[in-house]
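Engineer: File name model.txt; file contents compact mmCIF, C-alpha atoms; full text below.
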# COMPACT_ATOMS: atom_id res chain seq x y z
CA MET X 1 74.68 104.48 124.04
CA ILE X 2 78.09 103.22 125.09
CA ARG X 3 79.12 104.80 128.35
CA LEU X 4 82.58 106.20 128.84
CA ARG X 5 83.30 103.80 131.68
CA ASN X 6 82.71 100.88 129.32
CA LEU X 7 85.37 102.30 127.03
CA SER X 8 87.91 102.20 129.84
CA ARG X 9 88.48 98.48 129.29
CA PHE X 10 90.11 99.37 125.98
CA LEU X 11 92.60 101.66 127.74
CA PRO X 12 95.59 100.40 129.74
CA ARG X 13 95.79 101.29 133.42
CA LEU X 14 99.15 103.07 133.67
CA ASP X 15 100.82 105.09 136.39
CA ARG X 16 102.16 108.63 135.79
CA ASP X 17 105.51 107.40 134.47
CA GLY X 18 103.79 105.19 131.92
CA LYS X 19 101.81 108.15 130.61
CA ILE X 20 104.97 110.27 130.33
CA ILE X 21 106.68 107.50 128.37
CA ILE X 22 103.80 107.34 125.88
CA VAL X 23 103.66 111.13 125.39
CA ALA X 24 107.44 111.43 124.97
CA SER X 25 107.45 108.58 122.48
CA ALA X 26 104.60 110.16 120.53
CA ILE X 27 106.50 113.43 120.07
CA ARG X 28 109.72 111.63 119.18
CA THR X 29 108.00 109.51 116.53
CA LEU X 30 106.53 112.69 115.04
CA ASP X 31 110.14 113.60 114.28
CA TYR X 32 111.04 110.09 113.17
CA GLY X 33 108.00 109.81 110.90
CA PHE X 34 109.01 113.07 109.26
CA LEU X 35 112.70 112.26 108.86
CA SER X 36 112.20 108.70 107.59
CA VAL X 37 110.30 110.01 104.55
CA PHE X 38 111.95 113.43 104.30
CA LEU X 39 115.53 112.15 104.28
CA GLY X 40 115.13 110.01 101.17
CA VAL X 41 113.66 112.97 99.25
CA TYR X 42 116.32 115.33 100.64
CA LEU X 43 119.15 113.04 99.56
CA SER X 44 117.67 112.76 96.07
CA LEU X 45 117.72 116.59 95.89
CA LEU X 46 121.42 116.44 96.79
CA ASN X 47 121.81 114.09 93.78
CA PHE X 48 122.95 111.18 95.91
CA THR X 49 123.09 107.80 94.20
CA ALA X 50 121.27 104.79 95.64
CA LEU X 51 124.60 103.60 97.08
CA GLN X 52 125.35 106.97 98.72
CA ALA X 53 121.84 107.18 100.17
CA GLY X 54 122.26 103.66 101.53
CA MET X 55 125.53 104.70 103.16
CA VAL X 56 123.81 107.57 105.00
CA PHE X 57 121.01 105.24 106.13
CA SER X 58 123.65 102.77 107.34
CA GLY X 59 125.36 105.51 109.35
CA ILE X 60 122.08 106.33 111.08
CA MET X 61 121.42 102.67 111.84
CA ALA X 62 124.96 102.30 113.19
CA GLY X 63 124.15 105.21 115.50
CA SER X 64 121.08 103.39 116.75
CA ALA X 65 123.27 100.37 117.48
CA LEU X 66 125.78 102.58 119.30
CA SER X 67 123.05 104.03 121.53
CA ASN X 68 121.83 100.53 122.43
CA LEU X 69 125.40 99.41 123.11
CA LEU X 70 125.73 102.24 125.62
CA ALA X 71 122.35 101.42 127.17
CA SER X 72 123.13 97.70 127.51
CA TRP X 73 126.58 98.38 128.95
CA ARG X 74 125.89 101.25 131.35
CA GLY X 75 122.19 102.10 131.01
CA ASP X 76 121.03 101.01 134.45
CA ALA X 77 124.20 102.34 136.10
CA ILE X 78 123.78 105.76 134.47
CA GLY X 79 120.09 105.72 135.31
CA ARG X 80 117.21 105.30 132.89
CA ARG X 81 115.90 108.86 133.31
CA ARG X 82 119.33 110.45 132.94
CA LEU X 83 120.14 108.35 129.88
CA LEU X 84 116.87 109.27 128.15
CA VAL X 85 117.51 112.98 128.75
CA GLY X 86 121.04 112.64 127.36
CA LEU X 87 119.81 110.85 124.24
CA SER X 88 117.29 113.66 123.68
CA VAL X 89 120.13 116.21 123.76
CA LEU X 90 122.00 114.26 121.06
CA MET X 91 118.83 114.11 118.97
CA VAL X 92 118.53 117.92 119.11
CA MET X 93 122.17 118.33 118.08
CA GLY X 94 121.68 115.98 115.12
CA GLY X 95 118.77 118.05 113.84
CA LEU X 96 120.86 121.22 114.02
CA LEU X 97 123.89 119.69 112.25
CA PHE X 98 122.29 117.72 109.38
CA PRO X 99 121.57 120.69 107.04
CA TRP X 100 125.11 122.10 107.20
CA THR X 101 126.78 119.59 104.87
CA SER X 102 126.22 117.67 101.65
CA SER X 103 129.17 115.32 102.19
CA VAL X 104 128.11 111.70 102.39
CA TRP X 105 130.87 110.97 104.91
CA VAL X 106 129.97 113.87 107.21
CA LEU X 107 126.27 112.98 107.03
CA MET X 108 127.17 109.42 108.00
CA LEU X 109 129.16 110.75 110.98
CA ILE X 110 126.29 112.99 112.12
CA GLY X 111 123.88 110.08 111.76
CA LEU X 112 126.16 108.00 113.97
CA PHE X 113 125.53 110.29 116.96
CA ALA X 114 122.09 111.77 116.17
CA VAL X 115 120.05 108.94 117.81
CA THR X 116 117.52 108.95 114.98
CA THR X 117 116.10 106.59 112.35
CA SER X 118 115.81 106.21 108.60
CA SER X 119 113.50 103.20 108.71
CA GLY X 120 110.39 104.77 110.23
CA GLY X 121 110.60 102.40 113.18
CA ASP X 122 112.45 103.32 116.36
CA ARG X 123 115.53 101.11 116.82
CA THR X 124 117.38 103.44 119.19
CA ALA X 125 118.04 103.13 122.91
CA PHE X 126 114.97 105.33 123.40
CA ILE X 127 112.64 102.45 122.67
CA SER X 128 114.79 100.00 124.65
CA MET X 129 114.49 102.15 127.78
CA ASP X 130 110.82 102.92 127.08
CA THR X 131 110.08 99.20 126.79
CA ALA X 132 111.78 98.29 130.06
CA ILE X 133 110.05 101.15 131.90
CA LEU X 134 106.57 100.74 130.43
CA ALA X 135 106.44 97.05 131.36
CA GLN X 136 106.70 97.96 135.05
CA THR X 137 104.09 100.75 134.98
CA CYS X 138 101.13 98.37 134.67
CA GLU X 139 99.89 94.92 135.68
CA PRO X 140 100.95 91.89 133.55
CA SER X 141 97.40 91.49 132.26
CA GLN X 142 97.58 95.07 130.92
CA ARG X 143 101.04 94.78 129.36
CA THR X 144 100.15 93.91 125.75
CA LEU X 145 97.37 96.51 125.75
CA ALA X 146 99.81 99.11 127.12
CA PHE X 147 102.29 98.39 124.34
CA SER X 148 99.50 98.50 121.78
CA TRP X 149 98.57 102.01 122.90
CA TYR X 150 102.23 103.01 123.08
CA ASN X 151 102.49 102.11 119.39
CA LEU X 152 99.03 103.35 118.38
CA VAL X 153 99.67 106.86 119.65
CA SER X 154 103.09 106.86 118.01
CA ILE X 155 101.59 105.77 114.69
CA PHE X 156 99.31 108.81 114.63
CA THR X 157 102.18 111.16 115.35
CA LYS X 158 104.45 109.34 112.89
CA ALA X 159 101.77 109.79 110.23
CA THR X 160 101.52 113.47 111.07
CA GLY X 161 105.29 113.66 110.75
CA ALA X 162 105.09 112.15 107.26
CA LEU X 163 102.72 114.97 106.28
CA LEU X 164 105.32 117.55 107.28
CA VAL X 165 107.34 116.50 104.22
CA SER X 166 105.06 118.74 102.16
CA VAL X 167 105.85 121.85 104.24
CA PRO X 168 108.93 122.78 102.11
CA ILE X 169 106.58 123.15 99.13
CA LEU X 170 104.57 125.70 101.11
CA LEU X 171 107.74 127.53 102.12
CA GLN X 172 108.74 127.76 98.47
CA SER X 173 105.38 129.10 97.29
CA TRP X 174 104.51 131.35 100.24
CA ALA X 175 107.91 132.53 101.45
CA GLY X 176 109.76 132.37 98.14
CA MET X 177 112.47 130.10 99.52
CA GLU X 178 114.70 128.11 97.20
CA GLU X 179 113.98 124.38 97.05
CA ILE X 180 117.08 123.16 98.89
CA ALA X 181 116.86 125.97 101.48
CA SER X 182 113.24 125.07 102.26
CA PHE X 183 114.26 121.48 102.94
CA LYS X 184 117.21 122.50 105.12
CA ALA X 185 114.92 124.72 107.21
CA MET X 186 112.85 121.69 108.23
CA PHE X 187 115.73 120.29 110.28
CA ALA X 188 115.19 123.19 112.71
CA VAL X 189 111.58 122.07 113.18
CA TYR X 190 112.89 118.56 113.86
CA ALA X 191 115.23 119.93 116.55
CA VAL X 192 112.43 121.88 118.27
CA PHE X 193 110.29 118.75 118.67
CA ALA X 194 113.33 116.85 119.94
CA LEU X 195 113.67 119.45 122.72
CA CYS X 196 110.36 118.23 124.16
CA GLY X 197 111.98 114.92 125.01
CA ILE X 198 114.41 116.64 127.35
CA ALA X 199 111.56 118.25 129.30
CA LEU X 200 109.34 115.16 129.45
CA TYR X 201 111.94 112.56 130.36
CA GLY X 202 113.23 114.91 133.03
CA LYS X 203 109.89 114.51 134.84
CA LEU X 204 110.15 110.73 135.28
CA SER X 205 110.10 109.51 138.89
CA PRO X 206 112.70 107.28 140.61
CA ASN X 207 110.25 104.38 140.16
CA VAL X 208 111.41 103.96 136.55
CA GLU X 209 114.82 102.74 137.68
CA PRO X 210 115.59 98.99 137.92
CA PRO X 211 115.74 97.15 141.26
CA ALA X 212 118.82 98.33 143.17
CA GLN X 213 120.22 94.80 143.44
CA SER X 214 120.26 94.38 139.65
CA VAL X 215 122.44 97.43 138.93
CA GLY X 216 125.99 96.37 138.12
CA LYS X 217 125.10 92.74 137.40
CA ASN X 218 125.97 90.87 134.24
CA ARG X 219 124.61 92.96 131.37
CA ILE X 220 123.46 89.84 129.51
CA GLY X 221 120.84 89.13 132.11
CA GLY X 222 120.46 87.29 135.39
CA SER X 223 120.21 83.50 135.47
CA SER X 224 121.56 81.11 132.88
CA ALA X 225 118.03 80.48 131.62
CA ASP X 226 117.44 84.22 131.21
CA ARG X 227 120.69 84.64 129.28
CA LYS X 228 119.77 81.80 126.92
CA LEU X 229 116.39 83.38 126.20
CA ILE X 230 117.95 86.79 125.62
CA ILE X 231 120.59 85.38 123.25
CA LYS X 232 118.04 83.32 121.30
CA MET X 233 115.65 86.23 120.92
CA THR X 234 118.48 88.58 119.95
CA ALA X 235 119.66 86.14 117.28
CA VAL X 236 116.30 85.74 115.55
CA SER X 237 115.46 89.44 115.91
CA SER X 238 118.78 90.31 114.28
CA LEU X 239 117.85 88.22 111.26
CA ASP X 240 114.52 90.05 111.02
CA ALA X 241 116.26 93.41 111.22
CA PHE X 242 118.88 92.46 108.63
CA GLY X 243 116.09 91.79 106.16
CA GLY X 244 114.28 94.97 107.16
CA GLY X 245 117.40 97.05 106.51
CA PHE X 246 117.12 96.31 102.78
CA ILE X 247 113.71 97.99 102.69
CA ALA X 248 113.98 100.88 105.15
CA ARG X 249 111.36 103.61 104.96
CA GLY X 250 113.95 105.95 103.49
CA PHE X 251 114.63 103.50 100.66
CA ILE X 252 110.90 103.03 99.97
CA SER X 253 110.40 106.80 99.55
CA TYR X 254 113.53 106.87 97.35
CA TRP X 255 112.07 103.96 95.34
CA PHE X 256 108.73 105.72 94.78
CA VAL X 257 110.46 108.94 93.66
CA THR X 258 113.01 107.21 91.41
CA ARG X 259 110.90 104.34 90.01
CA PHE X 260 107.67 106.21 89.33
CA GLY X 261 108.67 109.90 89.46
CA VAL X 262 106.33 110.59 92.39
CA ASP X 263 106.45 114.18 93.66
CA VAL X 264 107.08 115.17 97.26
CA VAL X 265 103.45 115.95 98.12
CA SER X 266 102.28 112.58 96.77
CA VAL X 267 104.98 110.69 98.66
CA SER X 268 103.90 112.47 101.83
CA ALA X 269 100.25 111.50 101.23
CA VAL X 270 101.12 107.85 100.53
CA PHE X 271 103.10 107.51 103.74
CA PHE X 272 100.42 109.29 105.76
CA ALA X 273 97.82 106.82 104.49
CA ALA X 274 100.20 103.93 105.20
CA GLN X 275 100.58 105.09 108.79
CA MET X 276 96.81 105.19 109.19
CA LEU X 277 96.65 101.60 107.99
CA ASN X 278 99.26 100.71 110.60
CA VAL X 279 96.66 101.78 113.17
CA VAL X 280 94.49 98.83 112.11
CA SER X 281 97.47 96.49 112.43
CA VAL X 282 98.45 97.64 115.92
CA ALA X 283 94.85 97.83 117.14
CA LEU X 284 94.36 94.18 116.18
CA ALA X 285 97.53 93.02 117.95
CA ALA X 286 96.15 92.62 121.49
CA PRO X 287 92.85 90.88 120.57
CA VAL X 288 94.53 88.60 118.02
CA ALA X 289 97.29 87.70 120.50
CA SER X 290 94.70 86.90 123.15
CA ARG X 291 93.19 84.32 120.79
CA ILE X 292 96.18 82.73 119.03
CA GLY X 293 99.09 83.71 121.28
CA LEU X 294 101.90 86.25 121.11
CA VAL X 295 104.34 84.12 119.09
CA ASN X 296 101.75 83.09 116.48
CA THR X 297 100.71 86.71 116.06
CA MET X 298 104.31 87.81 115.52
CA ALA X 299 105.19 85.07 113.05
CA TRP X 300 102.11 84.87 110.85
CA SER X 301 101.35 88.59 110.52
CA GLN X 302 104.91 89.22 109.34
CA ALA X 303 104.83 86.32 106.88
CA VAL X 304 101.87 87.91 105.11
CA ALA X 305 103.56 91.32 105.09
CA ASN X 306 106.74 89.91 103.57
CA LEU X 307 104.91 88.17 100.74
CA LEU X 308 103.29 91.50 99.90
CA PHE X 309 106.71 93.16 99.69
CA ILE X 310 107.75 90.54 97.14
CA ALA X 311 104.68 91.40 95.09
CA MET X 312 105.51 95.11 95.40
CA ALA X 313 108.91 94.58 93.76
CA PHE X 314 107.19 93.45 90.56
CA ALA X 315 104.50 96.16 90.48
CA SER X 316 104.19 97.38 86.91
CA ASN X 317 102.61 100.73 87.73
CA LEU X 318 102.31 103.22 90.56
CA TRP X 319 98.79 102.27 91.64
CA MET X 320 99.65 98.59 91.89
CA ALA X 321 102.74 99.46 93.94
CA ILE X 322 100.67 101.63 96.28
CA LEU X 323 98.05 98.86 96.66
CA PHE X 324 100.65 96.26 97.68
CA PHE X 325 102.33 98.78 99.97
CA PHE X 326 99.03 99.58 101.71
CA LEU X 327 98.15 95.89 102.15
CA HIS X 328 101.62 95.34 103.58
CA GLU X 329 101.09 98.13 106.11
CA VAL X 330 97.83 96.57 107.36
CA SER X 331 99.74 93.47 108.49
CA ASN X 332 103.23 94.82 109.11
CA GLU X 333 102.92 96.42 112.56
CA MET X 334 100.98 93.69 114.35
CA ASP X 335 104.19 92.09 115.59
CA VAL X 336 105.54 95.26 117.24
CA PRO X 337 103.49 95.50 120.47
CA THR X 338 103.32 91.71 120.71
CA ARG X 339 107.12 91.41 120.46
CA GLN X 340 107.63 94.14 123.05
CA SER X 341 105.15 92.51 125.41
CA TYR X 342 106.52 89.00 124.84
CA THR X 343 110.18 89.90 125.37
CA MET X 344 109.35 91.68 128.63
CA ALA X 345 107.12 88.79 129.77
CA ILE X 346 109.55 85.90 129.41
CA VAL X 347 112.29 87.40 131.63
CA PRO X 348 112.11 88.79 135.21
CA GLN X 349 112.17 92.53 135.89
CA GLU X 350 115.90 92.66 136.63
CA SER X 351 116.66 91.22 133.15
CA ARG X 352 114.34 93.50 131.18
CA THR X 353 116.89 96.20 130.40
CA ALA X 354 119.28 93.53 129.11
CA MET X 355 116.55 91.93 127.00
CA ALA X 356 115.34 95.24 125.54
CA THR X 357 118.73 96.78 124.83
CA LEU X 358 120.50 93.66 123.54
CA ASN X 359 117.50 92.75 121.40
CA ASN X 360 117.55 96.20 119.81
CA LEU X 361 121.35 96.22 119.67
CA GLY X 362 121.25 93.00 117.68
CA ARG X 363 118.64 94.50 115.39
CA ASN X 364 120.74 97.65 114.95
CA ALA X 365 123.95 95.77 114.20
CA ALA X 366 122.18 93.62 111.62
CA GLN X 367 120.75 96.70 109.91
CA VAL X 368 124.00 98.66 109.69
CA ILE X 369 125.23 97.02 106.50
CA SER X 370 122.01 95.90 104.79
CA PRO X 371 120.95 99.36 103.46
CA THR X 372 124.32 99.74 101.74
CA ILE X 373 124.07 96.20 100.36
CA GLY X 374 120.52 96.99 99.27
CA GLY X 375 121.67 100.15 97.48
CA PHE X 376 124.39 98.17 95.70
CA VAL X 377 121.93 95.43 94.71
CA ALA X 378 119.51 98.05 93.39
CA GLN X 379 122.25 99.49 91.17
CA VAL X 380 123.61 96.22 89.77
CA ALA X 381 120.30 94.30 89.48
CA PHE X 382 117.11 96.36 89.40
CA LEU X 383 115.62 98.99 91.71
CA GLY X 384 113.09 96.58 93.25
CA ALA X 385 115.67 93.89 94.08
CA PRO X 386 116.08 94.99 97.74
CA PHE X 387 112.40 94.15 98.30
CA LEU X 388 113.07 90.55 97.26
CA ALA X 389 116.24 90.22 99.33
CA GLY X 390 114.72 91.79 102.42
CA ALA X 391 111.45 89.86 102.30
CA GLY X 392 113.27 86.57 101.69
CA VAL X 393 115.46 87.00 104.77
CA LYS X 394 112.47 88.02 106.88
CA LEU X 395 110.50 84.93 105.84
CA VAL X 396 113.34 82.78 107.16
CA TYR X 397 113.07 84.74 110.41
CA ASN X 398 109.32 84.05 110.62
CA TYR X 399 109.96 80.31 110.40
CA MET X 400 112.77 80.35 112.98
CA LEU X 401 110.79 82.46 115.44
CA TYR X 402 107.87 80.06 115.32
CA ARG X 403 110.03 76.94 115.67
CA MET X 404 112.20 78.28 118.51
CA PHE X 405 109.59 80.04 120.66
CA LYS X 406 106.21 78.40 120.06
CA GLU X 407 106.49 76.41 123.32
CA ILE X 408 107.72 79.34 125.44
CA LYS X 409 104.65 81.12 126.75
CA ALA X 410 104.24 84.44 128.54
CA PRO X 411 103.21 83.88 132.20
CA GLU X 412 99.65 85.05 131.62
CA GLU X 413 99.33 82.66 128.65
CA SER X 414 100.62 79.76 130.75
CA GLU X 415 98.16 80.63 133.52
CA GLU X 416 95.31 80.71 131.02
CA ILE X 417 96.28 77.30 129.63
CA ALA X 418 96.54 75.88 133.17
CA SER X 419 93.14 77.35 134.04
CA GLU X 420 91.53 75.83 130.96
CA THR X 421 93.15 72.46 131.71
CA SER X 422 91.96 72.42 135.32
CA GLY X 423 88.50 73.46 134.15
CA ASP X 424 88.33 70.42 131.91
Just give me the structure of the file as structure tokens.
Structural biologist:
Amino acid sequence: MIRLRNLSRFLPRLDRDGKIIIVASAIRTLDYGFLSVFLGVYLSLLNFTALQAGMVFSGIMAGSALSNLLASWRGDAIGRRRLLVGLSVLMVMGGLLFPWTSSVWVLMLIGLFAVTTSSGGDRTAFISMDTAILAQTCEPSQRTLAFSWYNLVSIFTKATGALLVSVPILLQSWAGMEEIASFKAMFAVYAVFALCGIALYGKLSPNVEPPAQSVGKNRIGGSSADRKLIIKMTAVSSLDAFGGGFIARGFISYWFVTRFGVDVVSVSAVFFAAQMLNVVSVALAAPVASRIGLVNTMAWSQAVANLLFIAMAFASNLWMAILFFFLHEVSNEMDVPTRQSYTMAIVPQESRTAMATLNNLGRNAAQVISPTIGGFVAQVAFLGAPFLAGAGVKLVYNYMLYRMFKEIKAPEESEEIASETSGD
């Protein structure tokens, strides 16, 4: 029988702040998992075209970029704890305002300040601050494992959030609510969960703040070498995000509903299963990275996922589309904890906020326009065309990431190589 103490090696050793960060992220991604699927269905009920839906998604992504711009410019000066609480307040307000309009322009404006997501993945300043804080709540040897658990827990709550998309059906049958009213009511549930972020982030200790001497320094990082690394990583990450914007979670749910006539309950079930498959992907990240390295894990896992998206575009029936989508999800998330760990590893502590926020800011900026372009491409070509465009761009990113960073190792990887060399 495996003893509990033997299981502890699979758990990261975090301080109290690290645990708060993981719990707060889990609750937030419950909301994000719900909205990323729900919003595409909701917009289809409002009779939005693919272009109009893409415009709303672009507004939300622009809001994510705006939050990261604020965090990179004044995040450390404002204070990480105070900024996270403020972002949570904006998230609550967004949930309360979304159901009050059906204007595409007003929804875009709300999305700009709601600090939320339409892609399923968190690209807001929340994750930038979480990343910088979590990296300093554990030892370097525990960092990749800590980020794996950060994402694993969030995947479970994101999957649970996807299941909430079926709640409006229950409200219609049990409470006799009209279809559109039942969907609007769910935004209140979203706002209630967002309130939890205010309470949790308010409990963070002063230890989450950056070193005092780094506050007020150049926001692009410390030394010249650090700035070069940050700029290079931001550039390649932006290319990845630009491709990902074509195939945001909201568009995928829209694609399933429009292409195959899938009902709301079935869409919810598909995305719940996909999130469970993401668990496999994230759980494999740390052990795979320990064997082949962080950069190899990021590049090759994503290459496989992108080829599967290309196959998905040509799926002739629903079951084939679901199969390719599920296979994609097994590989797709492996790069997330490895990228978070790698970007925090290759710069010193005082440059971590700059690396995290500018990396995500670049990703946000790149994603602002691609959903709208994707919606236009879907209308003038065919509905699956955004899968081809997005996957093609992301494959170029995979190649560039590998070429540019394969020789830049995380400190613990360099130490391991040096140890093996001296042992020979």
Engineer: With 5 Å added on each side, what axis-aligned box encloses every listed atom of segment 101-112 of chain X? Give the centre and edge lengths in Å to one decimal, as lines of an AutoDock Vina configuration file.
Structural biologist:
center_x = 127.4
center_y = 113.8
center_z = 107.8
size_x = 17.0
size_y = 21.6
size_z = 22.3
Engineer: Find the residues near Phe187 of chain X: any atom within 8 Å, counting all atoms listed in the file, skip ones fewer than 3 places away on the same chain, and give them as a list of chain:residue names.
Structural biologist: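 Within the cut-off, the hits are X:Gly95, X:Leu96, X:Phe98, X:Pro99, X:Phe183, X:Lys184, X:Tyr190, X:Ala191.
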Engineer: Tell me which of X:Ile408, X:Ile252, X:Gly75, X:Lys203 sits closest to Gly384 of chain X, counting only C-alpha atoms.
Structural biologist: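 Smallest separation from Gly384 of chain X among the options: X:Ile252.
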Engineer: Using all atoms listed in the file, what residues lie at most 12 Å away from (110.9, 101.7, 136.1) (file coordinates), given as a PyMOL selection string?
Structural biologist: chain X and resi 15-18+20-21+76+79-81+129-138+204-212+349-350+352-353
Engineer: One number please: atom CA of Lys19 of chain X to atom CA of Ile127 of chain X, in Å, one decimal.
Structural biologist: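 Atom-to-atom, atom CA of Lys19 of chain X to atom CA of Ile127 of chain X, that is 14.6 Å.
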Engineer: If I take atom CA of Thr297 of chain X and atom CA of Pro12 of chain X, how far is one from the other in Å, to one decimal?
Structural biologist: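 Computing the Euclidean distance for atom CA of Thr297 of chain X and atom CA of Pro12 of chain X yields 20.0 Å.
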Engineer: List every protein, DNA or RNA residue that has an atom no more than 10 Å from (102.3, 106.6, 115.7) in the file's coordinate frame, counting only C-alpha atoms, and report them as an MDAnalysis selection string.
Structural biologist: chainID X and resid 25:30 32:33 120:121 149:161 275:276 278:279 282
Engineer: Just to be explicit: take each residue in the selection above, keep C-alpha atoms, and write the result as a short mmCIF file (atom, residue, chain, number, x, y, z; two decimals), keeping the file's coordinate frame.
Structural biologist:
data_model
loop_
_atom_site.label_atom_id
_atom_site.label_comp_id
_atom_site.auth_asym_id
_atom_site.auth_seq_id
_atom_site.Cartn_x
_atom_site.Cartn_y
_atom_site.Cartn_z
CA SER X 25 107.45 108.58 122.48
CA ALA X 26 104.60 110.16 120.53
CA ILE X 27 106.50 113.43 120.07
CA ARG X 28 109.72 111.63 119.18
CA THR X 29 108.00 109.51 116.53
CA LEU X 30 106.53 112.69 115.04
CA TYR X 32 111.04 110.09 113.17
CA GLY X 33 108.00 109.81 110.90
CA GLY X 120 110.39 104.77 110.23
CA GLY X 121 110.60 102.40 113.18
CA TRP X 149 98.57 102.01 122.90
CA TYR X 150 102.23 103.01 123.08
CA ASN X 151 102.49 102.11 119.39
CA LEU X 152 99.03 103.35 118.38
CA VAL X 153 99.67 106.86 119.65
CA SER X 154 103.09 106.86 118.01
CA ILE X 155 101.59 105.77 114.69
CA PHE X 156 99.31 108.81 114.63
CA THR X 157 102.18 111.16 115.35
CA LYS X 158 104.45 109.34 112.89
CA ALA X 159 101.77 109.79 110.23
CA THR X 160 101.52 113.47 111.07
CA GLY X 161 105.29 113.66 110.75
CA GLN X 275 100.58 105.09 108.79
CA MET X 276 96.81 105.19 109.19
CA ASN X 278 99.26 100.71 110.60
CA VAL X 279 96.66 101.78 113.17
CA VAL X 282 98.45 97.64 115.92
#
Engineer: Choose the residue, out of X:Met177, X:Leu239, X:Leu277, X:Ile230, that has the smallest atom-to-atom separation from Asn359 of chain X; count only C-alpha atoms.
Structural biologist: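 Closest residue, counting only C-alpha atoms: X:Ile230.
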Engineer: One decimal, Å: what's the distance from atom CA of Ala248 of chain X over to atom CA of Ala321 of chain X, could you say?
Structural biologist: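 Pair atom CA of Ala248 of chain X / atom CA of Ala321 of chain X returns 15.9 Å.
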Engineer: Hey, what's within 7 Å of Ser88 of chain X if we count all atoms listed in the file and toss same-chain stuff fewer than 4 positions away? As an mmCIF file with C-alpha atoms, in the frame of the given file, please?
Structural biologist:
data_model
loop_
_atom_site.group_PDB
_atom_site.id
_atom_site.type_symbol
_atom_site.label_atom_id
_atom_site.label_comp_id
_atom_site.auth_asym_id
_atom_site.auth_seq_id
_atom_site.Cartn_x
_atom_site.Cartn_y
_atom_site.Cartn_z
ATOM 1 C CA LEU X 84 116.870 109.270 128.150
ATOM 2 C CA VAL X 92 118.530 117.920 119.110
ATOM 3 C CA ALA X 194 113.330 116.850 119.940
ATOM 4 C CA LEU X 195 113.670 119.450 122.720
ATOM 5 C CA GLY X 197 111.980 114.920 125.010
ATOM 6 C CA ILE X 198 114.410 116.640 127.350
#
Engineer: Between X:Met108, X:Leu39, X:Ala241, X:Val264, single out the one closest to Ala366 of chain X, counting all atoms listed in the file.
Structural biologist: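 Closest candidate: X:Ala241.
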Engineer: For a quick check of understanding, using all atoms listed in the file, which of X:Ser266, X:Ser44, X:Ser290, X:Ser331 has the smallest distance to Asn306 of chain X?
Structural biologist: X:Ser331
Engineer: Restricting the calculation to only C-alpha atoms, which member of X:Leu107, X:Ala185, X:Ala391, X:Ala345 is positioned closest to Ser141 of chain X?
Structural biologist: X:Ala345
Engineer: Taking into account all atoms listed in the file, which residue in the set X:Leu401, X:Val115, X:Leu66, X:Leu323 is nearest to Trp300 of chain X?
Structural biologist: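 Among the listed residues, the smallest separation from Trp300 of chain X belongs to X:Leu401.
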Engineer: Tell me, as a PyMOL selection string, which residues lie within 9 Å of Leu11 of chain X, counting only C-alpha atoms; anything in the same chain fewer than 4 positions away does not count.
Structural biologist: chain X and resi 7+142+145-146+149
Engineer: With a distance cut-off of 10 Å and all atoms listed in the file, select the neighbouring residues of Pro348 of chain X, excluding the residue or stretch itself and same-chain residues fewer than 2 positions from it, and output the selection as a PyMOL selection string.
Structural biologist: chain X and resi 221-223+226+344-346+350-352+355
